[in-house]
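**Student:** For reference, this is work25.txt, and it has compact mmCIF, C-alpha atoms.
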```txt
# COMPACT_ATOMS: atom_id res chain seq x y z
CA MET A 1 142.37 98.81 48.51
CA SER A 2 139.28 99.26 50.63
CA PHE A 3 136.55 101.53 49.45
CA ARG A 4 137.06 105.20 50.22
CA PRO A 5 134.15 107.51 49.57
CA GLN A 6 134.84 110.65 47.63
CA PHE A 7 134.13 113.75 49.64
CA LEU A 8 133.32 116.72 47.49
CA TYR A 9 134.06 119.27 50.16
CA PRO A 10 136.29 119.17 53.24
CA ALA A 11 134.83 120.22 56.58
CA LEU A 12 134.85 123.99 56.64
CA GLU A 13 136.28 125.83 59.61
CA GLY A 14 133.87 128.48 60.82
CA GLY A 15 130.98 127.21 58.74
CA ASP A 16 127.55 126.23 59.99
CA GLN A 17 125.41 123.55 58.48
CA PHE A 18 122.37 125.21 56.96
CA HIS A 19 119.85 124.75 54.22
CA TYR A 20 117.09 126.73 52.65
CA SER A 21 113.67 125.33 51.93
CA PHE A 22 111.28 127.08 49.58
CA ASP A 23 107.79 125.92 48.78
CA ALA A 24 104.30 127.29 48.42
CA THR A 25 104.09 128.08 52.11
CA ASN A 26 106.91 130.62 52.11
CA THR A 27 107.25 131.51 48.43
CA PRO A 28 103.91 132.41 46.87
CA ALA A 29 105.31 132.15 43.36
CA LEU A 30 105.78 128.43 43.92
CA SER A 31 102.05 127.97 44.17
CA GLY A 32 99.27 128.05 41.65
CA THR A 33 99.30 126.72 38.11
CA ILE A 34 101.23 127.20 34.90
CA PRO A 35 99.30 126.96 31.62
CA THR A 36 100.40 124.44 29.06
CA LEU A 37 103.69 125.18 27.32
CA GLU A 38 104.18 128.36 29.31
CA SER A 39 106.65 129.38 31.97
CA ARG A 40 106.78 131.31 35.18
CA GLU A 41 109.88 133.37 35.45
CA ASN A 42 111.96 135.31 37.95
CA ILE A 43 110.84 133.52 41.08
CA PRO A 44 113.04 134.91 43.86
CA LEU A 45 114.49 132.66 46.51
CA LEU A 46 115.71 135.16 49.06
CA LEU A 47 118.74 134.30 51.16
CA GLN A 48 119.28 135.63 54.65
CA PRO A 49 121.25 138.84 55.03
CA ASP A 50 123.50 137.89 57.94
CA THR A 51 126.18 135.71 56.37
CA GLU A 52 127.28 134.36 53.04
CA PHE A 53 125.88 131.02 52.00
CA ARG A 54 128.03 128.43 50.29
CA TRP A 55 125.56 126.69 48.05
CA ARG A 56 126.63 123.09 47.60
CA GLY A 57 123.57 121.09 46.76
CA ILE A 58 120.06 121.16 45.40
CA LYS A 59 117.15 118.91 46.05
CA ILE A 60 113.80 119.27 44.40
CA SER A 61 111.07 117.28 46.03
CA ALA A 62 107.68 116.45 44.63
CA ASP A 63 105.32 113.74 45.66
CA GLY A 64 105.58 111.17 42.88
CA GLY A 65 107.94 113.35 40.89
CA SER A 66 107.27 116.52 38.93
CA SER A 67 106.85 117.14 35.22
CA LEU A 68 108.03 120.71 35.44
CA GLY A 69 111.18 122.03 33.88
CA ILE A 70 113.38 124.28 35.97
CA LYS A 71 116.21 126.71 35.48
CA PHE A 72 118.31 128.36 38.21
CA GLN A 73 120.11 131.67 38.17
CA ASP A 74 122.65 132.39 40.90
CA PRO A 75 122.91 135.74 42.72
CA PHE A 76 125.55 136.89 40.24
CA GLY A 77 123.29 136.46 37.25
CA ASN A 78 124.77 133.20 36.01
CA PHE A 79 122.35 130.57 34.77
CA LEU A 80 123.12 127.05 35.87
CA SER A 81 121.70 125.65 32.67
CA ASP A 82 121.09 127.04 29.20
CA GLY A 83 117.50 125.89 29.18
CA PHE A 84 114.80 124.31 31.26
CA VAL A 85 115.89 121.03 32.81
CA PRO A 86 113.25 118.48 33.79
CA CYS A 87 113.13 118.43 37.59
CA ASN A 88 113.16 114.65 37.68
CA CYS A 89 116.32 114.50 35.59
CA GLY A 90 118.41 117.34 36.85
CA TYR A 91 117.78 118.04 40.48
CA THR A 92 115.98 115.07 41.90
CA PRO A 93 118.39 112.24 42.52
CA SER A 94 117.73 108.76 41.29
CA GLY A 95 115.66 106.49 43.42
CA LEU A 96 113.01 109.08 43.99
CA GLY A 97 109.80 107.14 43.69
CA ALA A 98 108.40 109.11 46.57
CA LEU A 99 109.93 112.29 47.89
CA ILE A 100 111.59 110.93 50.96
CA GLY A 101 114.79 109.12 51.59
CA SER A 102 116.78 110.61 48.75
CA GLN A 103 120.02 112.49 48.54
CA PRO A 104 120.52 116.02 47.24
CA VAL A 105 122.32 116.70 43.99
CA ALA A 106 125.73 118.20 44.64
CA GLU A 107 126.76 121.48 43.10
CA GLU A 108 130.34 121.29 41.99
CA SER A 109 131.90 123.76 42.44
CA GLU A 110 130.09 125.52 45.24
CA ILE A 111 128.50 128.88 44.63
CA ILE A 112 129.35 131.46 47.29
CA CYS A 113 126.20 133.50 47.61
CA PRO A 114 126.56 136.92 49.23
CA PRO A 115 124.51 137.89 52.29
CA GLY A 116 121.02 138.82 51.21
CA GLY A 117 121.58 137.38 47.77
CA VAL A 118 118.74 136.11 45.61
CA VAL A 119 118.63 132.87 43.70
CA TRP A 120 116.22 133.13 40.79
CA VAL A 121 114.15 130.21 39.58
CA TYR A 122 112.33 129.77 36.30
CA LEU A 123 109.68 127.08 35.82
CA SER A 124 108.18 125.76 32.63
CA ASN A 125 105.26 123.47 31.92
CA PRO A 126 106.04 121.20 29.01
CA THR A 127 102.85 119.17 29.37
CA ALA A 128 99.72 119.36 27.31
CA GLY A 129 97.55 120.74 30.07
CA THR A 130 97.55 123.22 32.93
CA TYR A 131 99.98 122.09 35.61
CA THR A 132 99.79 122.77 39.31
CA ILE A 133 103.19 123.67 40.74
CA ASP A 134 104.05 120.79 43.02
CA ILE A 135 107.68 121.19 43.92
CA SER A 136 109.69 122.14 46.99
CA ILE A 137 113.19 123.47 46.46
CA MET A 138 115.94 122.86 48.94
CA LEU A 139 119.30 124.62 48.72
CA LEU A 140 121.88 122.88 50.85
CA GLY A 141 125.17 124.26 51.99
CA VAL A 142 127.11 125.94 54.70
CA ARG A 143 126.73 129.39 56.14
CA ARG A 144 130.08 130.97 56.56
CA SER A 145 130.35 132.73 59.92
CA LEU A 146 133.45 134.73 60.74
CA ASN A 147 135.75 133.58 63.52
CA ALA A 148 136.76 137.15 64.30
CA ARG A 149 135.94 138.40 67.79
CA CYS A 150 133.32 141.06 68.09
CA GLY A 151 134.81 144.47 68.76
CA GLY A 152 138.11 143.53 67.21
CA MET B 1 140.22 117.78 66.04
CA PRO B 2 141.25 117.35 69.68
CA PRO B 3 143.66 119.83 71.22
CA ALA B 4 147.38 119.13 70.93
CA GLY B 5 148.51 116.40 73.29
CA MET B 6 145.11 114.78 73.40
CA SER B 7 143.30 112.10 71.51
CA VAL B 8 139.58 111.51 71.43
CA VAL B 9 137.53 108.34 71.76
CA TYR B 10 134.02 108.47 70.31
CA ILE B 11 131.24 106.39 71.83
CA PRO B 12 128.18 106.40 69.51
CA ARG B 13 124.95 107.63 71.02
CA ALA B 14 121.69 108.75 69.43
CA LEU B 15 118.74 110.73 70.76
CA LEU B 16 115.25 109.71 69.76
CA VAL B 17 112.33 112.07 69.31
CA GLN B 18 108.91 110.61 68.67
CA ALA B 19 105.76 112.61 68.39
CA VAL B 20 102.19 112.55 67.20
CA VAL B 21 101.28 116.12 66.40
CA PRO B 22 97.58 117.02 66.51
CA THR B 23 95.96 118.79 63.59
CA GLY B 24 96.15 122.55 63.41
CA SER B 25 98.92 122.86 65.96
CA THR B 26 102.54 123.84 66.38
CA GLN B 27 104.46 122.02 69.06
CA THR B 28 108.01 122.45 70.25
CA TYR B 29 110.06 119.66 71.77
CA ALA B 30 113.35 120.19 73.56
CA LYS B 31 115.77 117.31 73.78
CA GLU B 32 118.42 117.84 76.41
CA ILE B 33 121.92 116.49 75.92
CA THR B 34 122.76 114.36 78.93
CA GLY B 35 125.95 112.58 79.86
CA ASP B 36 129.32 113.33 81.32
CA THR B 37 131.05 114.73 78.26
CA THR B 38 130.44 116.61 75.06
CA TRP B 39 128.13 114.92 72.58
CA CYS B 40 128.77 115.54 68.90
CA LEU B 41 125.78 115.72 66.57
CA ARG B 42 126.54 114.15 63.21
CA ALA B 43 123.33 113.22 61.44
CA ILE B 44 119.57 113.17 61.58
CA SER B 45 117.60 110.11 60.55
CA CYS B 46 113.91 110.32 60.07
CA THR B 47 111.23 107.93 58.95
CA VAL B 48 107.91 109.20 57.68
CA SER B 49 105.23 108.25 55.18
CA THR B 50 104.81 109.90 51.81
CA THR B 51 101.46 111.27 52.88
CA LEU B 52 102.86 113.01 55.94
CA ALA B 53 101.74 116.61 56.31
CA LEU B 54 104.17 117.99 58.82
CA TYR B 55 106.59 120.91 58.83
CA VAL B 56 109.69 121.12 60.98
CA GLN B 57 112.24 123.63 62.21
CA ILE B 58 115.30 122.67 64.24
CA GLN B 59 117.21 124.94 66.56
CA LEU B 60 120.65 123.60 67.37
CA PRO B 61 122.21 123.84 70.84
CA ASP B 62 124.40 126.74 69.79
CA GLY B 63 121.28 128.77 69.14
CA ARG B 64 121.45 128.71 65.37
CA TYR B 65 118.67 127.36 63.22
CA LEU B 66 119.28 124.55 60.78
CA ILE B 67 116.68 125.70 58.27
CA ASN B 68 115.58 129.10 57.03
CA GLY B 69 112.03 128.48 58.27
CA LEU B 70 109.44 125.78 58.74
CA MET B 71 110.06 123.09 56.16
CA ASP B 72 108.26 119.98 54.93
CA VAL B 73 109.88 117.26 57.01
CA THR B 74 109.92 114.88 54.06
CA GLN B 75 112.65 117.01 52.50
CA ILE B 76 115.20 115.79 55.02
CA ALA B 77 113.59 112.47 55.88
CA GLY B 78 115.71 109.42 55.27
CA TYR B 79 117.82 106.87 57.05
CA GLY B 80 120.86 104.74 56.45
CA SER B 81 122.71 106.06 53.41
CA TYR B 82 119.99 108.65 52.96
CA ARG B 83 120.08 110.19 56.40
CA TYR B 84 120.70 113.93 56.75
CA LEU B 85 124.42 114.29 57.34
CA PHE B 86 126.21 117.24 58.87
CA SER B 87 129.26 118.56 57.05
CA ARG B 88 131.01 118.91 60.36
CA GLU B 89 129.98 117.42 63.67
CA LEU B 90 128.44 119.90 66.08
CA PRO B 91 129.78 119.67 69.65
CA CYS B 92 126.97 119.89 72.20
CA PRO B 93 127.97 120.15 75.87
CA PRO B 94 125.92 118.36 78.54
CA GLY B 95 122.83 120.37 79.38
CA ALA B 96 122.53 121.84 75.91
CA LYS B 97 119.25 121.38 74.11
CA ILE B 98 118.08 120.64 70.61
CA GLN B 99 114.73 122.28 69.96
CA ILE B 100 112.41 120.74 67.39
CA THR B 101 109.30 122.57 66.24
CA LEU B 102 106.67 120.47 64.51
CA ASP B 103 103.74 122.09 62.75
CA THR B 104 100.60 120.62 61.18
CA SER B 105 98.75 123.86 60.55
CA THR B 106 100.96 125.06 57.70
CA PRO B 107 100.38 122.00 55.49
CA GLY B 108 96.76 121.80 56.58
CA ALA B 109 96.93 118.28 57.97
CA LEU B 110 93.53 116.63 58.28
CA GLU B 111 94.57 114.23 61.00
CA ALA B 112 97.27 113.84 63.63
CA GLN B 113 100.73 113.34 62.13
CA PRO B 114 103.30 110.87 63.52
CA VAL B 115 107.03 111.34 63.15
CA VAL B 116 110.17 109.66 64.43
CA MET B 117 113.50 111.47 64.35
CA LEU B 118 116.85 110.14 65.48
CA PHE B 119 119.62 112.61 66.22
CA GLU B 120 122.76 110.59 65.72
CA GLY B 121 126.15 111.36 67.13
CA ALA B 122 128.78 110.27 69.59
CA TYR B 123 130.15 111.15 72.98
CA ALA B 124 133.67 112.54 72.76
CA TYR B 125 136.01 111.40 75.54
CA TYR B 126 139.34 113.21 75.46
CA LEU B 127 142.43 111.31 76.59
CA ASP B 128 145.88 112.57 77.46
CA CYS B 129 148.27 111.15 74.88
CA LYS B 130 151.01 110.55 77.43
CA THR B 131 149.10 109.02 80.30
CA GLY B 132 146.09 107.66 78.50
CA GLU B 133 143.89 109.12 81.22
CA ARG B 134 140.73 110.98 80.55
CA VAL B 135 140.99 114.76 80.43
CA ASP B 136 138.02 116.78 81.66
CA VAL B 137 138.02 119.38 78.90
CA GLU B 138 134.92 121.08 80.25
CA ALA B 139 136.67 121.77 83.56
CA LEU B 140 139.74 122.97 81.67
CA ALA B 141 137.67 125.30 79.54
CA SER B 142 135.73 126.70 82.49
CA SER B 143 138.95 127.58 84.28
CA MET B 144 140.10 129.74 81.40
CA PRO B 145 139.46 133.46 81.68
CA ARG B 146 136.48 134.60 79.66
CA TYR B 147 138.26 137.69 78.52
CA PRO B 148 141.92 137.04 77.80
CA GLY B 149 144.49 139.71 78.44
CA THR B 150 142.87 141.22 81.53
CA SER B 151 142.36 140.21 85.12
CA ASN B 152 139.16 142.22 85.22
CA GLN B 153 136.53 139.73 84.13
CA ASN B 154 133.68 142.22 84.43
CA ILE B 155 133.51 143.88 81.05
CA LEU B 156 131.13 146.51 82.33
CA ALA B 157 133.50 147.78 84.99
CA PRO B 158 136.10 150.36 84.06
CA CYS B 159 139.61 149.00 83.92
CA TRP B 160 140.77 150.95 86.92
CA ALA B 161 138.26 149.08 89.12
CA ALA B 162 140.59 146.09 88.98
CA GLY B 163 143.71 148.15 89.46
CA GLU B 164 144.56 148.28 85.80
CA GLY B 165 144.84 151.56 83.93
CA PRO B 166 144.11 154.19 83.05
CA ARG B 167 147.44 154.69 84.65
CA ALA B 168 148.57 157.95 86.07
CA PRO B 169 150.94 159.67 83.66
CA GLU B 170 154.61 159.19 84.36
CA GLY B 171 155.66 161.48 87.18
CA SER B 172 152.17 161.51 88.66
CA GLN B 173 150.41 159.56 91.36
CA ASP B 174 146.69 158.88 91.68
CA ASP B 175 145.03 158.49 95.08
CA ARG B 176 141.38 157.55 95.40
CA PHE B 177 139.34 160.41 96.85
CA ILE B 178 135.73 161.47 97.20
CA TYR B 179 134.79 165.15 97.39
CA SER B 180 131.46 166.11 98.96
CA SER B 181 129.50 169.24 98.27
CA PRO B 182 127.81 171.24 101.00
CA VAL B 183 124.25 170.18 101.68
CA ALA B 184 121.77 172.22 99.65
CA SER B 185 118.48 172.65 101.43
CA PHE B 186 115.10 173.70 100.05
CA ALA B 187 112.65 174.62 102.79
CA SER B 188 109.74 173.93 100.47
CA VAL B 189 109.33 172.35 97.05
CA THR B 190 106.40 174.56 96.10
CA THR B 191 107.20 178.07 97.27
CA GLY B 192 110.08 180.32 98.22
CA GLN B 193 113.58 179.79 96.91
CA LEU B 194 113.58 176.91 94.46
CA GLN B 195 117.00 177.57 92.95
CA THR B 196 120.44 177.44 94.45
CA SER B 197 124.02 176.50 93.68
CA VAL B 198 126.58 174.47 95.58
CA GLN B 199 130.14 173.86 94.67
CA ILE B 200 133.01 171.53 95.38
CA GLN B 201 136.33 173.32 95.73
CA ILE B 202 139.23 171.33 94.33
CA ARG B 203 142.40 171.44 96.41
CA GLN B 204 145.31 173.57 95.30
CA ASP B 205 147.92 170.84 95.54
CA SER B 206 146.48 168.28 93.16
CA ASP B 207 144.24 167.85 90.16
CA PHE B 208 141.11 165.77 90.53
CA GLU B 209 140.11 163.09 88.02
CA CYS B 210 136.40 162.70 88.62
CA ARG B 211 135.02 159.33 87.56
CA ARG B 212 131.44 159.46 88.73
CA PHE B 213 128.96 161.45 90.79
CA LEU B 214 126.97 160.07 93.70
CA VAL B 215 123.75 161.83 94.61
CA ASP B 216 122.13 161.92 98.02
CA LEU B 217 118.59 163.29 97.69
CA VAL B 218 116.44 163.31 100.86
CA PRO B 219 112.86 164.57 100.67
CA ALA B 220 110.68 165.05 103.74
CA ALA B 221 107.90 162.54 104.24
CA GLY B 222 105.26 165.11 103.34
CA ILE B 223 106.61 165.76 99.86
CA THR B 224 104.51 163.97 97.28
CA ALA B 225 106.10 165.09 94.02
CA GLY B 226 109.00 167.04 92.63
CA VAL B 227 112.07 166.83 90.45
CA VAL B 228 115.47 168.35 91.16
CA LEU B 229 117.31 169.47 88.05
CA VAL B 230 121.02 170.16 87.94
CA ARG B 231 123.50 171.78 85.61
CA VAL B 232 127.15 170.92 86.16
CA ARG B 233 130.03 173.20 85.28
CA LEU B 234 133.50 174.14 86.34
CA SER B 235 134.18 177.58 87.73
CA SER B 236 136.84 177.90 85.04
CA GLY B 237 134.06 177.87 82.46
CA TYR B 238 133.85 174.28 81.21
CA GLN B 239 130.28 172.97 81.13
CA LEU B 240 129.73 169.27 81.70
CA THR B 241 126.03 169.59 80.87
CA ASP B 242 124.70 172.18 78.43
CA ASP B 243 121.33 172.28 80.17
CA PHE B 244 119.57 171.12 83.31
CA ILE B 245 119.12 167.38 83.72
CA ASP B 246 117.24 165.26 86.26
CA LEU B 247 119.57 164.96 89.22
CA ALA B 248 118.34 161.69 90.62
CA LYS B 249 117.85 159.94 87.31
CA TYR B 250 120.91 160.90 85.37
CA LEU B 251 123.65 162.50 87.42
CA GLY B 252 124.36 159.69 89.80
CA SER B 253 126.07 157.09 87.71
CA ALA B 254 128.27 154.13 87.21
CA PRO B 255 131.91 155.03 86.55
CA TRP B 256 132.46 156.84 83.27
CA GLY B 257 134.67 155.56 80.52
CA LYS B 258 136.75 158.74 80.58
CA ASP B 259 137.73 160.90 83.53
CA PHE B 260 136.25 164.38 84.06
CA HIS B 261 139.39 166.41 84.62
CA CYS B 262 139.21 169.14 87.26
CA ALA B 263 142.35 171.21 87.59
CA ALA B 264 143.84 172.05 90.98
CA GLY B 265 142.17 175.13 92.44
CA ASP B 266 139.13 174.85 90.20
CA ALA B 267 135.62 174.22 91.50
CA ILE B 268 132.76 172.02 90.37
CA VAL B 269 129.57 174.05 90.46
CA PHE B 270 126.14 172.43 90.67
CA ASP B 271 123.24 174.72 89.78
CA LEU B 272 120.09 173.20 91.29
CA VAL B 273 116.44 173.97 90.67
CA VAL B 274 113.29 172.23 91.96
CA VAL B 275 110.36 171.84 89.56
CA ASP B 276 106.92 170.24 89.66
CA GLY B 277 106.96 170.11 93.45
CA ALA B 278 104.00 169.12 95.57
CA GLY B 279 103.43 168.47 99.26
CA ALA B 280 105.03 169.93 102.32
CA GLY B 281 108.40 169.69 103.92
CA ALA B 282 112.04 170.29 103.19
CA LEU B 283 114.31 168.71 100.62
CA THR B 284 118.08 168.34 100.93
CA VAL B 285 120.65 167.51 98.26
CA GLN B 286 124.26 166.55 98.61
CA ILE B 287 126.49 165.50 95.71
CA HIS B 288 129.70 163.53 96.01
CA ALA B 289 132.41 163.42 93.36
CA ASP B 290 134.23 160.09 93.27
CA GLY B 291 137.58 159.89 91.58
CA ALA B 292 141.30 160.27 92.20
CA LEU B 293 143.61 163.04 93.33
CA ARG B 294 146.45 163.32 90.88
CA LYS B 295 149.62 164.90 92.19
CA GLN B 296 153.07 165.28 90.80
CA VAL B 297 155.69 163.12 92.41
CA ALA B 298 159.45 163.09 92.13
CA ALA B 299 160.67 160.80 89.35
```
Can the structure from this file be put into structure tokens for me?

**Tutor:**
Amino acid sequence: MSFRPQFLYPALEGGDQFHYSFDATNTPALSGTIPTLESRENIPLLLQPDTEFRWRGIKISADGGSSLGIKFQDPFGNFLSDGFVPCNCGYTPSGLGALIGSQPVAEESEIICPPGGVVWVYLSNPTAGTYTIDISIMLLGVRRSLNARCGG
Amino acid sequence: MPPAGMSVVYIPRALLVQAVVPTGSTQTYAKEITGDTTWCLRAISCTVSTTLALYVQIQLPDGRYLINGLMDVTQIAGYGSYRYLFSRELPCPPGAKIQITLDTSTPGALEAQPVVMLFEGAYAYYLDCKTGERVDVEALASSMPRYPGTSNQNILAPCWAAGEGPRAPEGSQDDRFIYSSPVASFASVTTGQLQTSVQIQIRQDSDFECRRFLVDLVPAAGITAGVVLVRVRLSSGYQLTDDFIDLAKYLGSAPWGKDFHCAAGDAIVFDLVVVDGAGAGALTVQIHADGALRKQVAA
């Protein structure tokens, strides 16, 4: 039998390829420093209010990798982990020596985020010194647009 | 998926975008889709260095944006197995454009930033399953009505403009007709009589479904300013306007969505008044009511 790749998700009718990118340039809470052994909590990643977003993958990029721990909370209040997960282990795929040329980490099953929903991020610094936040967060997925005609 | 009865042959084709973006700048590049058939966008490959300081936003040919804002290009950079793949190919007709915005000011680049991006996809050639001949789907699609279910392809025109409804009720017949009021004349716009009324008498043998008013306002050459206000009512008591409105600006109109019903024997009364007049000379006003005479006919 020839190799057949496993596709996590079938092509979605009425869905548009889309991804969110959050970093220090558009999310001020992703800038600055975190003192040693402390955390920065409730960082909002605001989703657009026009359509639902089917969140299917995460990619955390950092030049040379990041020592931060991270925890996600979906728009419904569910935490995706019960504690802080090292960025390099949980959400940065293997092979990331630099921050380019790597795949996202798939979310299985997808999380259907409502229009205008907020994904919350929590960061922790497990190192012995003050740490400058150095990550960019990418949420990959599909925006679900309706196929209904305007005006009914 | 091709339409029923057709198969599709894909011919791979990629579009290359290369740029060196100066420091402190935001530049937008538009890549037009050329060719003789629809091109399907499937992936983006990009090669950059780890020290690249460049942000990107991509607007797809259908007008939607791929990203929620400007994004560090290294987040989607990659090629081969690591290229940025689309969940579903995006059909792009010939002439459509992909718009790429590249920005060095956001990351604070200290020198010009180079980038190479390859938009990968394939031309889709549709073939008839029976004959094996190529089907021009763009021509087929362009021959379809834009608005199914109606022969009137102008959505701003009322349906009756194309001979479709609103239909006369059963037992009635509508005939297009235009009533004209007498000409109202103001000898001066500054002095003397500045108010008057004119009316359109509706015939006794048929109702009138008024669908719009046409206004003919003729000032003398010496008149330099002035506004004619109007209040419209039926002699039976119904008021179309509850106060005076600017005749020239608002009364003359495109056809209304709903008829203004005037019963047989009624009259449309136009109360006119001139305000803010200046200059010399006479001013005349005539108003036309465009609609349909509705009469009862034998079943």

**Student:** Taking into account all atoms listed in the file, which residue in the set B:Gln193, B:Asp207, B:Asp62, B:Arg212 is nearest to B:Trp256?

**Tutor:**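 Looking at the shortest contact to B:Trp256, the residue is B:Arg212.
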
**Student:** Closest to chain B among A:Gly32, A:Gly65, A:Pro114, A:Pro86, using only C-alpha atoms?

**Tutor:**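 Nearest to chain B: A:Gly65.
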
**Student:** Need the shell around A:Lys71: protein/DNA/RNA residues with any atom at most 8 Å away, counting only C-alpha atoms. Skip same-chain ones fewer than 6 positions apart. Format as a list in words?

**Tutor:** Phe79, Leu80, Ser81, Asp82, Gly83, Phe84, Val85, Val121, Tyr122 and Leu123 of chain A

**Student:** Selected residues, C-alpha atoms, written as a PDB file, in the coordinates of the input, please.

**Tutor:**
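In the end it all went to selection_19.pdb:
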```pdb
ATOM      1  CA  PHE A  79     122.350 130.570  34.770  1.00  0.00           C
ATOM      2  CA  LEU A  80     123.120 127.050  35.870  1.00  0.00           C
ATOM      3  CA  SER A  81     121.700 125.650  32.670  1.00  0.00           C
ATOM      4  CA  ASP A  82     121.090 127.040  29.200  1.00  0.00           C
ATOM      5  CA  GLY A  83     117.500 125.890  29.180  1.00  0.00           C
ATOM      6  CA  PHE A  84     114.800 124.310  31.260  1.00  0.00           C
ATOM      7  CA  VAL A  85     115.890 121.030  32.810  1.00  0.00           C
ATOM      8  CA  VAL A 121     114.150 130.210  39.580  1.00  0.00           C
ATOM      9  CA  TYR A 122     112.330 129.770  36.300  1.00  0.00           C
ATOM     10  CA  LEU A 123     109.680 127.080  35.820  1.00  0.00           C
TER      11      LEU A 123
END
```

**Student:** Enter the distance from atom CA of B:Ile100 to atom CA of B:Gln27, in Å, rounded to one decimal.

**Tutor:**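 Going from atom CA of B:Ile100 over to atom CA of B:Gln27, I get 8.2 Å.
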
**Student:** For stretch 110-120 of chain B, list every protein, DNA or RNA residue within 10 Å, evaluated using all atoms listed in the file, and leave out those in the same chain fewer than 2 positions away; present the list as an MDAnalysis selection string.

**Tutor:** chainID B and resid 12:25 31 39:49 51:54 73 77:79 83:85 98 100 102:105 107:108 122

**Student:** So how many Å separate atom CA of B:Gly237 and atom CA of B:Val218, to one decimal?

**Tutor:** 29.3 Å

**Student:** By how many Å are atom CA of B:Leu283 and atom CA of B:Val189 apart?

**Tutor:** 7.1 Å

**Student:** Could you make a table, as JSON lines, of the residues of chain B that have an atom within 7 Å of an atom of chain A, each with its nearest atom pair and distance in Å to one decimal, counting only C-alpha atoms, in chain and number order?

**Tutor:**
```
{"residue": "B:Thr50", "atom": "CA", "partner": "A:Ala98", "partner_atom": "CA", "distance": 6.4}
{"residue": "B:Leu66", "atom": "CA", "partner": "A:Phe18", "partner_atom": "CA", "distance": 5.0}
{"residue": "B:Ile67", "atom": "CA", "partner": "A:His19", "partner_atom": "CA", "distance": 5.2}
{"residue": "B:Asn68", "atom": "CA", "partner": "A:Tyr20", "partner_atom": "CA", "distance": 5.2}
{"residue": "B:Met71", "atom": "CA", "partner": "A:Ser21", "partner_atom": "CA", "distance": 6.0}
{"residue": "B:Thr74", "atom": "CA", "partner": "A:Ile100", "partner_atom": "CA", "distance": 5.3}
{"residue": "B:Gln75", "atom": "CA", "partner": "A:Ile100", "partner_atom": "CA", "distance": 6.4}
{"residue": "B:Ala77", "atom": "CA", "partner": "A:Ile100", "partner_atom": "CA", "distance": 5.5}
{"residue": "B:Gly78", "atom": "CA", "partner": "A:Gly101", "partner_atom": "CA", "distance": 3.8}
{"residue": "B:Tyr79", "atom": "CA", "partner": "A:Gly101", "partner_atom": "CA", "distance": 6.6}
{"residue": "B:Tyr82", "atom": "CA", "partner": "A:Gly101", "partner_atom": "CA", "distance": 5.4}
{"residue": "B:Phe86", "atom": "CA", "partner": "A:Gln17", "partner_atom": "CA", "distance": 6.4}
{"residue": "B:Ser87", "atom": "CA", "partner": "A:Ala11", "partner_atom": "CA", "distance": 5.8}
{"residue": "B:Arg88", "atom": "CA", "partner": "A:Ala11", "partner_atom": "CA", "distance": 5.5}
```

**Student:** Which is closest to B:Leu156 among B:Leu127, B:Ala184, B:Ala254, B:Leu194, if we use all atoms listed in the file?

**Tutor:** B:Ala254

**Student:** Using all atoms listed in the file, which of B:Val269, B:Val297, B:Val215, B:Ala263 sits nearest B:Asp246?

**Tutor:**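 The shortest atom-to-atom distance to B:Asp246 comes from B:Val215.
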
**Student:** Would you list the contacts of B:Ser180 as a PDB file with C-alpha atoms, keeping the file's coordinate frame, taking every protein, DNA or RNA residue within 12 Å and counting only C-alpha atoms, but skipping same-chain residues closer than 3 positions in sequence?

**Tutor:**
```pdb
ATOM      1  CA  PHE B 177     139.340 160.410  96.850  1.00  0.00           C
ATOM      2  CA  VAL B 183     124.250 170.180 101.680  1.00  0.00           C
ATOM      3  CA  ALA B 184     121.770 172.220  99.650  1.00  0.00           C
ATOM      4  CA  VAL B 198     126.580 174.470  95.580  1.00  0.00           C
ATOM      5  CA  GLN B 199     130.140 173.860  94.670  1.00  0.00           C
ATOM      6  CA  ILE B 200     133.010 171.530  95.380  1.00  0.00           C
ATOM      7  CA  GLN B 201     136.330 173.320  95.730  1.00  0.00           C
ATOM      8  CA  ILE B 202     139.230 171.330  94.330  1.00  0.00           C
ATOM      9  CA  CYS B 210     136.400 162.700  88.620  1.00  0.00           C
ATOM     10  CA  PHE B 213     128.960 161.450  90.790  1.00  0.00           C
ATOM     11  CA  LEU B 214     126.970 160.070  93.700  1.00  0.00           C
ATOM     12  CA  VAL B 215     123.750 161.830  94.610  1.00  0.00           C
ATOM     13  CA  ASP B 216     122.130 161.920  98.020  1.00  0.00           C
ATOM     14  CA  ALA B 267     135.620 174.220  91.500  1.00  0.00           C
ATOM     15  CA  ILE B 268     132.760 172.020  90.370  1.00  0.00           C
ATOM     16  CA  VAL B 269     129.570 174.050  90.460  1.00  0.00           C
ATOM     17  CA  PHE B 270     126.140 172.430  90.670  1.00  0.00           C
ATOM     18  CA  VAL B 285     120.650 167.510  98.260  1.00  0.00           C
ATOM     19  CA  GLN B 286     124.260 166.550  98.610  1.00  0.00           C
ATOM     20  CA  ILE B 287     126.490 165.500  95.710  1.00  0.00           C
ATOM     21  CA  HIS B 288     129.700 163.530  96.010  1.00  0.00           C
ATOM     22  CA  ALA B 289     132.410 163.420  93.360  1.00  0.00           C
ATOM     23  CA  ASP B 290     134.230 160.090  93.270  1.00  0.00           C
ATOM     24  CA  GLY B 291     137.580 159.890  91.580  1.00  0.00           C
TER      25      GLY B 291
END
```
